[in-house]
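A.B. asks: Here you go, model_10.json (JSON, C-alpha atoms):
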```
[["chain", "number", "residue", "atom", "x", "y", "z"],
["R", 1391, "MET", "CA", 17.62, -58.97, -57.76],
["R", 1392, "MET", "CA", 16.94, -59.26, -54.05],
["R", 1393, "GLY", "CA", 13.48, -58.21, -52.86],
["R", 1394, "PHE", "CA", 12.28, -57.26, -49.45],
["R", 1395, "TRP", "CA", 13.08, -59.74, -46.69],
["R", 1396, "PHE", "CA", 9.40, -60.61, -46.26],
["R", 1397, "THR", "CA", 9.06, -61.52, -49.96],
["R", 1398, "GLN", "CA", 12.03, -63.89, -50.11],
["R", 1399, "GLY", "CA", 11.08, -67.48, -50.82],
["R", 1400, "LEU", "CA", 7.85, -68.44, -49.07],
["R", 1401, "SER", "CA", 8.48, -66.40, -45.95],
["R", 1402, "PHE", "CA", 5.27, -64.45, -46.57],
["R", 1403, "LEU", "CA", 3.30, -67.43, -45.23],
["R", 1404, "PRO", "CA", 4.48, -67.46, -41.58],
["R", 1405, "ILE", "CA", 4.77, -63.65, -41.64],
["R", 1406, "GLY", "CA", 1.24, -63.30, -42.98],
["R", 1407, "LEU", "CA", -0.11, -65.80, -40.46],
["R", 1408, "GLY", "CA", 1.47, -64.01, -37.51],
["R", 1409, "VAL", "CA", 0.66, -60.46, -38.58],
["R", 1410, "TRP", "CA", -2.88, -61.24, -39.74],
["R", 1411, "THR", "CA", -3.82, -63.22, -36.63],
["R", 1412, "THR", "CA", -2.39, -60.54, -34.36],
["R", 1413, "ALA", "CA", -4.42, -57.93, -36.25],
["R", 1414, "THR", "CA", -7.51, -60.10, -35.83],
["R", 1415, "MET", "CA", -7.12, -60.18, -32.05],
["R", 1416, "VAL", "CA", -6.34, -56.47, -31.78],
["R", 1417, "ILE", "CA", -9.18, -55.30, -34.03],
["R", 1418, "SER", "CA", -11.83, -57.45, -32.36],
["R", 1419, "TYR", "CA", -10.54, -56.39, -28.92],
["R", 1420, "VAL", "CA", -10.72, -52.68, -29.77],
["R", 1421, "MET", "CA", -14.20, -53.04, -31.25],
["R", 1422, "ALA", "CA", -15.53, -55.04, -28.30],
["R", 1423, "VAL", "CA", -14.07, -52.67, -25.69],
["R", 1424, "CYS", "CA", -15.29, -49.55, -27.51],
["R", 1425, "ARG", "CA", -18.80, -50.99, -27.71],
["R", 1426, "GLY", "CA", -18.75, -52.10, -24.08],
["R", 1427, "ASP", "CA", -19.27, -55.75, -24.98],
["R", 1428, "VAL", "CA", -16.31, -56.86, -22.83],
["R", 1429, "VAL", "CA", -14.29, -55.41, -19.99],
["R", 1430, "PRO", "CA", -10.94, -53.92, -21.10],
["R", 1431, "ASP", "CA", -8.93, -55.85, -18.47],
["R", 1432, "PHE", "CA", -7.81, -59.04, -20.23],
["R", 1433, "PRO", "CA", -10.94, -60.65, -21.66],
["R", 1434, "TYR", "CA", -10.66, -64.03, -23.33],
["R", 1435, "ILE", "CA", -9.66, -63.69, -26.97],
["R", 1436, "SER", "CA", -12.84, -65.35, -28.20],
["R", 1437, "ASP", "CA", -14.95, -63.14, -25.90],
["R", 1438, "THR", "CA", -13.89, -60.14, -27.98],
["R", 1439, "GLY", "CA", -15.49, -61.78, -31.01],
["R", 1440, "ASP", "CA", -18.68, -62.96, -29.35],
["R", 1441, "LYS", "CA", -21.10, -60.12, -30.08],
["R", 1442, "ILE", "CA", -22.20, -58.54, -33.35],
["R", 1443, "PRO", "CA", -20.61, -56.73, -35.22],
["R", 1444, "GLU", "CA", -17.17, -57.71, -33.94],
["R", 1445, "SER", "CA", -18.11, -61.39, -34.21],
["R", 1446, "CYS", "CA", -18.47, -60.93, -37.99],
["R", 1447, "VAL", "CA", -15.03, -59.32, -38.29],
["R", 1448, "PHE", "CA", -13.46, -61.82, -35.88],
["R", 1449, "GLY", "CA", -14.96, -64.81, -37.70],
["R", 1450, "GLN", "CA", -14.00, -63.68, -41.20],
["R", 1451, "MET", "CA", -10.46, -62.72, -40.27],
["R", 1452, "LEU", "CA", -9.92, -65.90, -38.26],
["R", 1453, "ASN", "CA", -11.10, -68.01, -41.19],
["R", 1454, "ILE", "CA", -8.33, -66.42, -43.25],
["R", 1455, "SER", "CA", -5.92, -67.21, -40.41],
["R", 1456, "ALA", "CA", -6.99, -70.86, -40.63],
["R", 1457, "PHE", "CA", -6.20, -70.86, -44.36],
["R", 1458, "LEU", "CA", -2.78, -69.27, -43.75],
["R", 1459, "SER", "CA", -2.13, -71.72, -40.93],
["R", 1460, "LEU", "CA", -2.88, -74.73, -43.12],
["R", 1461, "GLY", "CA", -0.76, -73.33, -45.95],
["R", 1462, "THR", "CA", 2.17, -72.69, -43.62],
["R", 1463, "MET", "CA", 1.97, -76.14, -42.07],
["R", 1464, "TYR", "CA", 1.73, -77.88, -45.44],
["R", 1465, "VAL", "CA", 4.73, -76.00, -46.81],
["R", 1466, "ARG", "CA", 6.65, -76.87, -43.64],
["R", 1467, "TYR", "CA", 5.73, -80.52, -44.17],
["R", 1468, "LYS", "CA", 7.05, -80.45, -47.75],
["R", 1469, "GLN", "CA", 10.19, -78.66, -46.59],
["R", 1470, "ILE", "CA", 10.99, -81.30, -43.97],
["R", 1471, "GLU", "CA", 10.24, -83.98, -46.54],
["R", 1472, "ALA", "CA", 12.86, -82.44, -48.83],
["R", 1473, "MET", "CA", 15.37, -82.14, -45.97],
["R", 1474, "ASN", "CA", 15.00, -85.81, -45.09],
["R", 1475, "GLN", "CA", 17.56, -86.86, -47.67],
["R", 1476, "ALA", "CA", 18.61, -89.90, -45.65],
["R", 1477, "ASP", "CA", 14.96, -91.06, -45.69],
["R", 1478, "SER", "CA", 14.87, -91.44, -41.91],
["R", 1479, "ARG", "CA", 11.77, -93.41, -40.95],
["R", 1480, "GLY", "CA", 11.49, -91.66, -37.58],
["R", 1481, "LEU", "CA", 11.67, -88.22, -39.18],
["R", 1482, "ARG", "CA", 9.14, -89.24, -41.82],
["R", 1483, "ILE", "CA", 6.66, -90.39, -39.16],
["R", 1484, "LEU", "CA", 7.11, -87.24, -37.09],
["R", 1485, "ASN", "CA", 6.62, -85.09, -40.18],
["R", 1486, "LYS", "CA", 3.41, -86.83, -41.24],
["R", 1487, "ALA", "CA", 2.07, -86.76, -37.70],
["R", 1488, "SER", "CA", 2.73, -83.02, -37.48],
["R", 1489, "LEU", "CA", 0.87, -82.48, -40.77],
["R", 1490, "TRP", "CA", -2.27, -84.20, -39.46],
["R", 1491, "VAL", "CA", -2.02, -82.38, -36.15],
["R", 1492, "GLY", "CA", -1.64, -79.11, -38.05],
["R", 1493, "LEU", "CA", -4.69, -79.90, -40.19],
["R", 1494, "LEU", "CA", -6.82, -80.51, -37.09],
["R", 1495, "THR", "CA", -5.46, -77.34, -35.51],
["R", 1496, "SER", "CA", -6.56, -75.34, -38.54],
["R", 1497, "VAL", "CA", -10.01, -76.95, -38.38],
["R", 1498, "GLY", "CA", -10.16, -75.92, -34.72],
["R", 1499, "ILE", "CA", -9.48, -72.31, -35.73],
["R", 1500, "THR", "CA", -12.50, -72.36, -38.04],
["R", 1501, "LEU", "CA", -14.67, -73.78, -35.24],
["R", 1502, "VAL", "CA", -13.61, -70.97, -32.90],
["R", 1503, "ALA", "CA", -14.25, -68.45, -35.68],
["R", 1504, "ASN", "CA", -17.71, -69.63, -36.68],
["R", 1505, "PHE", "CA", -19.25, -70.91, -33.44],
["R", 1506, "GLN", "CA", -19.37, -68.17, -30.81],
["R", 1507, "GLU", "CA", -19.12, -69.11, -27.16],
["R", 1508, "THR", "CA", -22.56, -67.83, -26.16],
["R", 1509, "ASN", "CA", -24.26, -69.41, -29.20],
["R", 1510, "VAL", "CA", -22.76, -72.90, -29.54],
["R", 1511, "ARG", "CA", -20.69, -73.32, -26.40],
["R", 1512, "VAL", "CA", -19.71, -76.99, -26.82],
["R", 1513, "VAL", "CA", -18.46, -76.63, -30.40],
["R", 1514, "HIS", "CA", -16.62, -73.42, -29.54],
["R", 1515, "PHE", "CA", -14.78, -75.04, -26.63],
["R", 1516, "LEU", "CA", -14.03, -78.09, -28.78],
["R", 1517, "GLY", "CA", -12.41, -75.80, -31.33],
["R", 1518, "ALA", "CA", -10.46, -73.94, -28.64],
["R", 1519, "GLY", "CA", -9.19, -77.23, -27.26],
["R", 1520, "MET", "CA", -8.08, -78.28, -30.73],
["R", 1521, "VAL", "CA", -6.32, -74.98, -31.39],
["R", 1522, "PHE", "CA", -4.41, -74.75, -28.14],
["R", 1523, "GLY", "CA", -4.03, -78.42, -27.23],
["R", 1524, "LEU", "CA", -3.01, -79.60, -30.68],
["R", 1525, "GLY", "CA", -1.06, -76.38, -31.17],
["R", 1526, "VAL", "CA", 1.21, -77.40, -28.30],
["R", 1527, "VAL", "CA", 1.55, -80.88, -29.80],
["R", 1528, "TYR", "CA", 2.43, -79.40, -33.20],
["R", 1529, "SER", "CA", 5.11, -77.12, -31.77],
["R", 1530, "PHE", "CA", 6.50, -80.01, -29.72],
["R", 1531, "LEU", "CA", 6.71, -82.27, -32.78],
["R", 1532, "HIS", "CA", 8.51, -79.64, -34.82],
["R", 1533, "THR", "CA", 10.87, -78.92, -31.97],
["R", 1534, "VAL", "CA", 11.84, -82.60, -31.96],
["R", 1535, "ILE", "CA", 12.18, -82.48, -35.75],
["R", 1536, "SER", "CA", 14.38, -79.40, -35.46],
["R", 1537, "TYR", "CA", 16.77, -81.19, -33.11],
["R", 1538, "LYS", "CA", 16.92, -84.12, -35.51],
["R", 1539, "LEU", "CA", 17.89, -81.75, -38.33],
["R", 1540, "CYS", "CA", 20.48, -79.92, -36.22],
["R", 1541, "PRO", "CA", 23.09, -78.77, -37.18],
["R", 1542, "THR", "CA", 22.72, -79.57, -40.89],
["R", 1543, "TYR", "CA", 19.58, -77.52, -41.51],
["R", 1544, "VAL", "CA", 18.71, -75.96, -38.17],
["R", 1545, "THR", "CA", 21.00, -74.14, -35.76],
["R", 1546, "LEU", "CA", 21.16, -75.13, -32.10],
["R", 1547, "ARG", "CA", 20.07, -71.62, -31.13],
["R", 1548, "LYS", "CA", 16.89, -71.98, -33.17],
["R", 1549, "CYS", "CA", 16.21, -75.40, -31.66],
["R", 1550, "ARG", "CA", 16.48, -73.97, -28.18],
["R", 1551, "ALA", "CA", 14.27, -71.02, -29.09],
["R", 1552, "ARG", "CA", 11.58, -73.38, -30.36],
["R", 1553, "ALA", "CA", 11.89, -75.55, -27.26],
["R", 1554, "PHE", "CA", 11.53, -72.48, -25.04],
["R", 1555, "ILE", "CA", 8.48, -71.20, -26.92],
["R", 1556, "THR", "CA", 6.89, -74.66, -26.76],
["R", 1557, "ALA", "CA", 7.50, -74.80, -23.00],
["R", 1558, "VAL", "CA", 5.96, -71.35, -22.54],
["R", 1559, "GLY", "CA", 2.93, -72.28, -24.65],
["R", 1560, "GLY", "CA", 2.44, -75.60, -22.86],
["R", 1561, "THR", "CA", 2.78, -74.06, -19.40],
["R", 1562, "ALA", "CA", 0.39, -71.24, -20.31],
["R", 1563, "MET", "CA", -2.14, -73.78, -21.60],
["R", 1564, "VAL", "CA", -2.11, -75.77, -18.36],
["R", 1565, "ILE", "CA", -2.49, -72.60, -16.30],
["R", 1566, "ALA", "CA", -5.23, -71.21, -18.58],
["R", 1567, "PHE", "CA", -7.36, -74.35, -18.50],
["R", 1568, "GLY", "CA", -6.76, -75.06, -14.82],
["R", 1569, "THR", "CA", -7.56, -71.57, -13.56],
["R", 1570, "ALA", "CA", -10.57, -71.35, -15.92],
["R", 1571, "MET", "CA", -12.08, -74.40, -14.23],
["R", 1572, "VAL", "CA", -11.53, -72.84, -10.80],
["R", 1573, "ALA", "CA", -12.95, -69.48, -11.90],
["R", 1574, "ASN", "CA", -16.06, -71.02, -13.47],
["R", 1575, "TYR", "CA", -16.70, -73.14, -10.39],
["R", 1576, "GLN", "CA", -16.45, -70.14, -8.08],
["R", 1577, "TRP", "CA", -18.59, -68.02, -10.42],
["R", 1578, "ALA", "CA", -21.35, -70.63, -10.38],
["R", 1579, "THR", "CA", -21.62, -70.48, -6.57],
["R", 1580, "HIS", "CA", -23.28, -67.04, -6.74],
["R", 1581, "GLU", "CA", -25.95, -65.30, -8.77],
["R", 1582, "HIS", "CA", -24.87, -62.38, -10.94],
["R", 1583, "GLU", "CA", -26.63, -59.44, -12.55],
["R", 1584, "HIS", "CA", -24.09, -59.41, -15.40],
["R", 1585, "ASP", "CA", -22.76, -62.06, -17.76],
["R", 1586, "ARG", "CA", -19.35, -63.71, -17.96],
["R", 1587, "LEU", "CA", -18.14, -61.16, -20.49],
["R", 1588, "HIS", "CA", -18.16, -58.50, -17.77],
["R", 1589, "TRP", "CA", -16.25, -59.94, -14.84],
["R", 1590, "ARG", "CA", -15.79, -57.57, -11.91],
["R", 1591, "PRO", "CA", -13.08, -57.59, -9.21],
["R", 1592, "GLU", "CA", -15.71, -58.35, -6.55],
["R", 1593, "ASP", "CA", -16.97, -61.44, -8.40],
["R", 1594, "PRO", "CA", -16.02, -64.84, -6.92],
["R", 1595, "GLY", "CA", -13.29, -66.38, -9.05],
["R", 1596, "PHE", "CA", -12.09, -63.07, -10.47],
["R", 1597, "ALA", "CA", -8.41, -63.70, -9.66],
["R", 1598, "PRO", "CA", -8.21, -67.14, -11.33],
["R", 1599, "HIS", "CA", -10.26, -65.75, -14.22],
["R", 1600, "VAL", "CA", -7.67, -63.03, -14.88],
["R", 1601, "ALA", "CA", -4.88, -65.59, -14.54],
["R", 1602, "SER", "CA", -6.65, -67.73, -17.13],
["R", 1603, "THR", "CA", -7.20, -64.91, -19.64],
["R", 1604, "ILE", "CA", -3.63, -63.63, -19.34],
["R", 1605, "SER", "CA", -2.34, -67.17, -19.86],
["R", 1606, "GLU", "CA", -4.52, -67.56, -22.95],
["R", 1607, "TRP", "CA", -3.07, -64.40, -24.51],
["R", 1608, "ILE", "CA", 0.46, -65.57, -23.69],
["R", 1609, "MET", "CA", -0.31, -68.98, -25.19],
["R", 1610, "ALA", "CA", -1.67, -67.45, -28.41],
["R", 1611, "LEU", "CA", 1.31, -65.12, -28.79],
["R", 1612, "ALA", "CA", 3.70, -68.00, -28.10],
["R", 1613, "PHE", "CA", 2.23, -69.95, -31.02],
["R", 1614, "LEU", "CA", 2.54, -66.97, -33.33],
["R", 1615, "PHE", "CA", 6.15, -66.44, -32.29],
["R", 1616, "TYR", "CA", 6.76, -70.13, -33.00],
["R", 1617, "PHE", "CA", 5.64, -69.63, -36.60],
["R", 1618, "PHE", "CA", 7.92, -66.61, -36.84],
["R", 1619, "THR", "CA", 10.86, -68.97, -36.29],
["R", 1620, "PHE", "CA", 9.99, -70.51, -39.67],
["R", 1621, "ILE", "CA", 10.65, -67.25, -41.52],
["R", 1622, "THR", "CA", 14.36, -67.74, -42.22],
["R", 1623, "ASP", "CA", 13.73, -71.37, -43.21],
["R", 1624, "PHE", "CA", 11.00, -70.35, -45.64],
["R", 1625, "GLN", "CA", 13.18, -67.62, -47.15],
["R", 1626, "LEU", "CA", 15.48, -70.33, -48.52],
["R", 1627, "MET", "CA", 12.86, -72.42, -50.34],
["R", 1628, "GLU", "CA", 10.58, -72.34, -53.35],
["R", 1629, "MET", "CA", 7.71, -74.57, -54.43],
["R", 1630, "ASP", "CA", 6.48, -75.34, -57.92],
["R", 1631, "ALA", "CA", 3.17, -76.86, -58.95],
["R", 1632, "VAL", "CA", 3.58, -79.87, -61.24],
["R", 1633, "ILE", "CA", 0.68, -80.49, -63.64],
["R", 1634, "ARG", "CA", 0.42, -84.07, -64.94],
["R", 1635, "LEU", "CA", -2.04, -84.70, -67.76],
["R", 1636, "LYS", "CA", -3.63, -88.12, -68.26],
["R", 1637, "TRP", "CA", -2.83, -88.39, -71.96],
["R", 1638, "GLU", "CA", -4.83, -91.54, -72.62],
["R", 1639, "GLU", "CA", -8.04, -89.98, -71.35],
["R", 1640, "LEU", "CA", -7.29, -86.76, -73.22],
["R", 1641, "GLN", "CA", -6.81, -88.64, -76.46],
["R", 1642, "GLU", "CA", -10.14, -90.41, -75.98],
["R", 1643, "ARG", "CA", -11.85, -87.05, -75.51],
["R", 1644, "ALA", "CA", -9.89, -85.32, -78.29],
["R", 1645, "PRO", "CA", -12.74, -85.56, -80.86],
["R", 1646, "LEU", "CA", -14.92, -83.60, -78.47],
["R", 1647, "ILE", "CA", -12.48, -80.69, -78.39],
["R", 1648, "THR", "CA", -13.08, -78.24, -81.20],
["R", 1649, "ALA", "CA", -10.77, -75.50, -82.33]]
```
Spell out the structure here as structure tokens.
C.D. replies:
Amino acid sequence: MMGFWFTQGLSFLPIGLGVWTTATMVISYVMAVCRGDVVPDFPYISDTGDKIPESCVFGQMLNISAFLSLGTMYVRYKQIEAMNQADSRGLRILNKASLWVGLLTSVGITLVANFQETNVRVVHFLGAGMVFGLGVVYSFLHTVISYKLCPTYVTLRKCRARAFITAVGGTAMVIAFGTAMVANYQWATHEHEHDRLHWRPEDPGFAPHVASTISEWIMALAFLFYFFTFITDFQLMEMDAVIRLKWEELQERAPLITA
């Protein structure tokens, strides 16, 4: 009996990751704006989770996103491993590299979640760099993998979609980081009565700041859309856990086990 499309196979993983992370950004944004902790005009995503209580909600929800991200990336790794029936060395290397990159990306998500920008700035920015920088690398690696599996397992249309999303994410990352540097430099040339969470149009560097924040949102959404391209692939797979008992050790301990 066929279930709902989002329950077929393991498709709930990329769906859950995309929906949950989007909800995280929206909820923290609404809370921060309603409380006046950030300006409503395109704040940085992490700025919306900088102050209490939204930082608590943002951190907890983003930790769950990190777990879903790692689960999705591991399942994708096992899926590519199963598809590599010819045991291609190049594909095997790309797949393992993407797994490690995905692991570090997930660690970066937890750093962003648990170390707020105004509290531990260096660690927060390190985590952001891992999420977005390695996120681009991960999407690039899986785009290359997709082309290698085309047309047997992946359609050309899907390959091109992933390549386009990767290009959008990479371009947005360059713009976001570049304009952020310009905005911060121009901000530092003047004294301000308000903090960086409340940029005003008259502030030096406001234009590049807005360009940076918009690019960050585009970059984040691009990554989520990239995971959505895994949905149809995950609908066609299942995973089983294999339990292997060490019988020799069990037999040695058998006298200790009572009925």
A.B. asks: At most 8 Å is the cut-off: for each residue in segment 1422-1505 of chain R with any atom that close to an atom of segment 1572-1595 of chain R, write down the nearest atom pair and the distance in Å rounded to one decimal, counting all atoms listed in the file, chain first then increasing number, as a tab-separated table.
C.D. replies:
```
residue	atom	partner	partner_atom	distance
R:Asp1427	CA	R:Leu1587	CA	7.1
R:Val1428	CA	R:Leu1587	CA	5.2
R:Val1429	CA	R:His1588	CA	5.4
R:Pro1433	CA	R:Leu1587	CA	7.3
R:Asp1437	CA	R:Leu1587	CA	6.6
```
A.B. asks: From the options R:Ala1610, R:Glu1471, R:Val1527, R:Ile1405, which residue's atoms come nearest to Thr1622 of chain R, counting only C-alpha atoms?
C.D. replies: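 Using only C-alpha atoms, the shortest distance to Thr1622 of chain R belongs to R:Ile1405.
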A.B. asks: Have a look at atom CA of Phe1567 of chain R and atom CA of Gly1498 of chain R and let me know their distance in Å, one decimal.
C.D. replies: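 The value is 16.5 Å.
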A.B. asks: Nearest to Met1463 of chain R: which of R:Leu1546, R:Leu1400, R:Ala1518, R:Val1632 is it, counting all atoms listed in the file?
C.D. replies: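 Ranked by minimum distance to Met1463 of chain R, first place goes to R:Leu1400.
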A.B. asks: What gap, in Å, lies between atom CA of Gly1492 of chain R and atom CA of Tyr1464 of chain R?
C.D. replies: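 About the pair atom CA of Gly1492 of chain R and atom CA of Tyr1464 of chain R: they are 8.2 Å apart.
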A.B. asks: Near Met1627 of chain R, counting all atoms listed in the file, which residues have an atom at most 12 Å away, once you skip same-chain residues fewer than 5 positions from it, shown as a list in words?
C.D. replies: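 Here the qualifying residues turn out to be Thr1397, Gln1398, Gly1399, Leu1400, Ser1401, Phe1402, Leu1403, Val1465, Arg1466, Lys1468, Gln1469, Ile1470, Ala1472, Met1473, Phe1620, Ile1621 and Thr1622 of chain R.
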A.B. asks: State, in Å with one decimal place, the distance from atom CA of Val1534 of chain R to atom CA of Leu1458 of chain R.
C.D. replies: 23.0 Å
A.B. asks: Just checking: using all atoms listed in the file, which residue out of R:Gly1426, R:Ser1488, R:Ala1476, R:Thr1412 ends up closest to Leu1452 of chain R?
C.D. replies: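 Result for the nearest residue to Leu1452 of chain R: R:Thr1412.
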A.B. asks: Start from the incomplete input, build N, CA, C and O atoms for segment 1496-1510 of chain R, and deliver everything as a PDB file, keeping the file's coordinate frame.
C.D. replies:
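Saved result, result04.pdb, follows:
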```pdb
ATOM      1  N   SER R1496      -5.939 -76.316 -37.644  1.00  0.00           N
ATOM      2  CA  SER R1496      -6.560 -75.340 -38.540  1.00  0.00           C
ATOM      3  C   SER R1496      -8.078 -75.488 -38.539  1.00  0.00           C
ATOM      4  O   SER R1496      -8.816 -74.490 -38.592  1.00  0.00           O
ATOM      5  N   VAL R1497      -8.562 -76.726 -38.479  1.00  0.00           N
ATOM      6  CA  VAL R1497     -10.010 -76.950 -38.380  1.00  0.00           C
ATOM      7  C   VAL R1497     -10.533 -76.350 -37.072  1.00  0.00           C
ATOM      8  O   VAL R1497     -11.607 -75.738 -37.048  1.00  0.00           O
ATOM      9  N   GLY R1498      -9.762 -76.503 -36.000  1.00  0.00           N
ATOM     10  CA  GLY R1498     -10.160 -75.920 -34.720  1.00  0.00           C
ATOM     11  C   GLY R1498     -10.288 -74.412 -34.799  1.00  0.00           C
ATOM     12  O   GLY R1498     -11.192 -73.810 -34.184  1.00  0.00           O
ATOM     13  N   ILE R1499      -9.409 -73.765 -35.562  1.00  0.00           N
ATOM     14  CA  ILE R1499      -9.480 -72.310 -35.730  1.00  0.00           C
ATOM     15  C   ILE R1499     -10.798 -71.915 -36.374  1.00  0.00           C
ATOM     16  O   ILE R1499     -11.443 -70.940 -35.968  1.00  0.00           O
ATOM     17  N   THR R1500     -11.237 -72.686 -37.383  1.00  0.00           N
ATOM     18  CA  THR R1500     -12.500 -72.360 -38.040  1.00  0.00           C
ATOM     19  C   THR R1500     -13.681 -72.573 -37.092  1.00  0.00           C
ATOM     20  O   THR R1500     -14.680 -71.848 -37.170  1.00  0.00           O
ATOM     21  N   LEU R1501     -13.593 -73.558 -36.206  1.00  0.00           N
ATOM     22  CA  LEU R1501     -14.670 -73.780 -35.240  1.00  0.00           C
ATOM     23  C   LEU R1501     -14.775 -72.611 -34.266  1.00  0.00           C
ATOM     24  O   LEU R1501     -15.875 -72.150 -33.938  1.00  0.00           O
ATOM     25  N   VAL R1502     -13.620 -72.133 -33.797  1.00  0.00           N
ATOM     26  CA  VAL R1502     -13.610 -70.970 -32.900  1.00  0.00           C
ATOM     27  C   VAL R1502     -14.163 -69.747 -33.618  1.00  0.00           C
ATOM     28  O   VAL R1502     -14.894 -68.943 -33.041  1.00  0.00           O
ATOM     29  N   ALA R1503     -13.835 -69.621 -34.916  1.00  0.00           N
ATOM     30  CA  ALA R1503     -14.250 -68.450 -35.680  1.00  0.00           C
ATOM     31  C   ALA R1503     -15.750 -68.418 -35.931  1.00  0.00           C
ATOM     32  O   ALA R1503     -16.375 -67.354 -35.868  1.00  0.00           O
ATOM     33  N   ASN R1504     -16.330 -69.584 -36.203  1.00  0.00           N
ATOM     34  CA  ASN R1504     -17.710 -69.630 -36.680  1.00  0.00           C
ATOM     35  C   ASN R1504     -18.750 -70.027 -35.643  1.00  0.00           C
ATOM     36  O   ASN R1504     -19.957 -69.889 -35.907  1.00  0.00           O
ATOM     37  N   PHE R1505     -18.312 -70.516 -34.500  1.00  0.00           N
ATOM     38  CA  PHE R1505     -19.250 -70.910 -33.440  1.00  0.00           C
ATOM     39  C   PHE R1505     -18.906 -70.117 -32.182  1.00  0.00           C
ATOM     40  O   PHE R1505     -17.982 -70.466 -31.446  1.00  0.00           O
ATOM     41  N   GLN R1506     -19.648 -69.033 -31.961  1.00  0.00           N
ATOM     42  CA  GLN R1506     -19.370 -68.170 -30.810  1.00  0.00           C
ATOM     43  C   GLN R1506     -19.698 -68.881 -29.495  1.00  0.00           C
ATOM     44  O   GLN R1506     -20.562 -69.753 -29.440  1.00  0.00           O
ATOM     45  N   GLU R1507     -18.991 -68.458 -28.470  1.00  0.00           N
ATOM     46  CA  GLU R1507     -19.120 -69.110 -27.160  1.00  0.00           C
ATOM     47  C   GLU R1507     -20.539 -69.081 -26.620  1.00  0.00           C
ATOM     48  O   GLU R1507     -21.041 -70.075 -26.095  1.00  0.00           O
ATOM     49  N   THR R1508     -21.222 -67.949 -26.727  1.00  0.00           N
ATOM     50  CA  THR R1508     -22.560 -67.830 -26.160  1.00  0.00           C
ATOM     51  C   THR R1508     -23.631 -68.461 -27.050  1.00  0.00           C
ATOM     52  O   THR R1508     -24.768 -68.634 -26.611  1.00  0.00           O
ATOM     53  N   ASN R1509     -23.282 -68.819 -28.286  1.00  0.00           N
ATOM     54  CA  ASN R1509     -24.260 -69.410 -29.200  1.00  0.00           C
ATOM     55  C   ASN R1509     -24.163 -70.931 -29.236  1.00  0.00           C
ATOM     56  O   ASN R1509     -25.176 -71.630 -29.076  1.00  0.00           O
ATOM     57  N   VAL R1510     -22.972 -71.444 -29.489  1.00  0.00           N
ATOM     58  CA  VAL R1510     -22.760 -72.900 -29.540  1.00  0.00           C
ATOM     59  C   VAL R1510     -21.555 -73.211 -28.668  1.00  0.00           C
ATOM     60  O   VAL R1510     -20.436 -73.411 -29.156  1.00  0.00           O
TER      61      VAL R1510
END
```
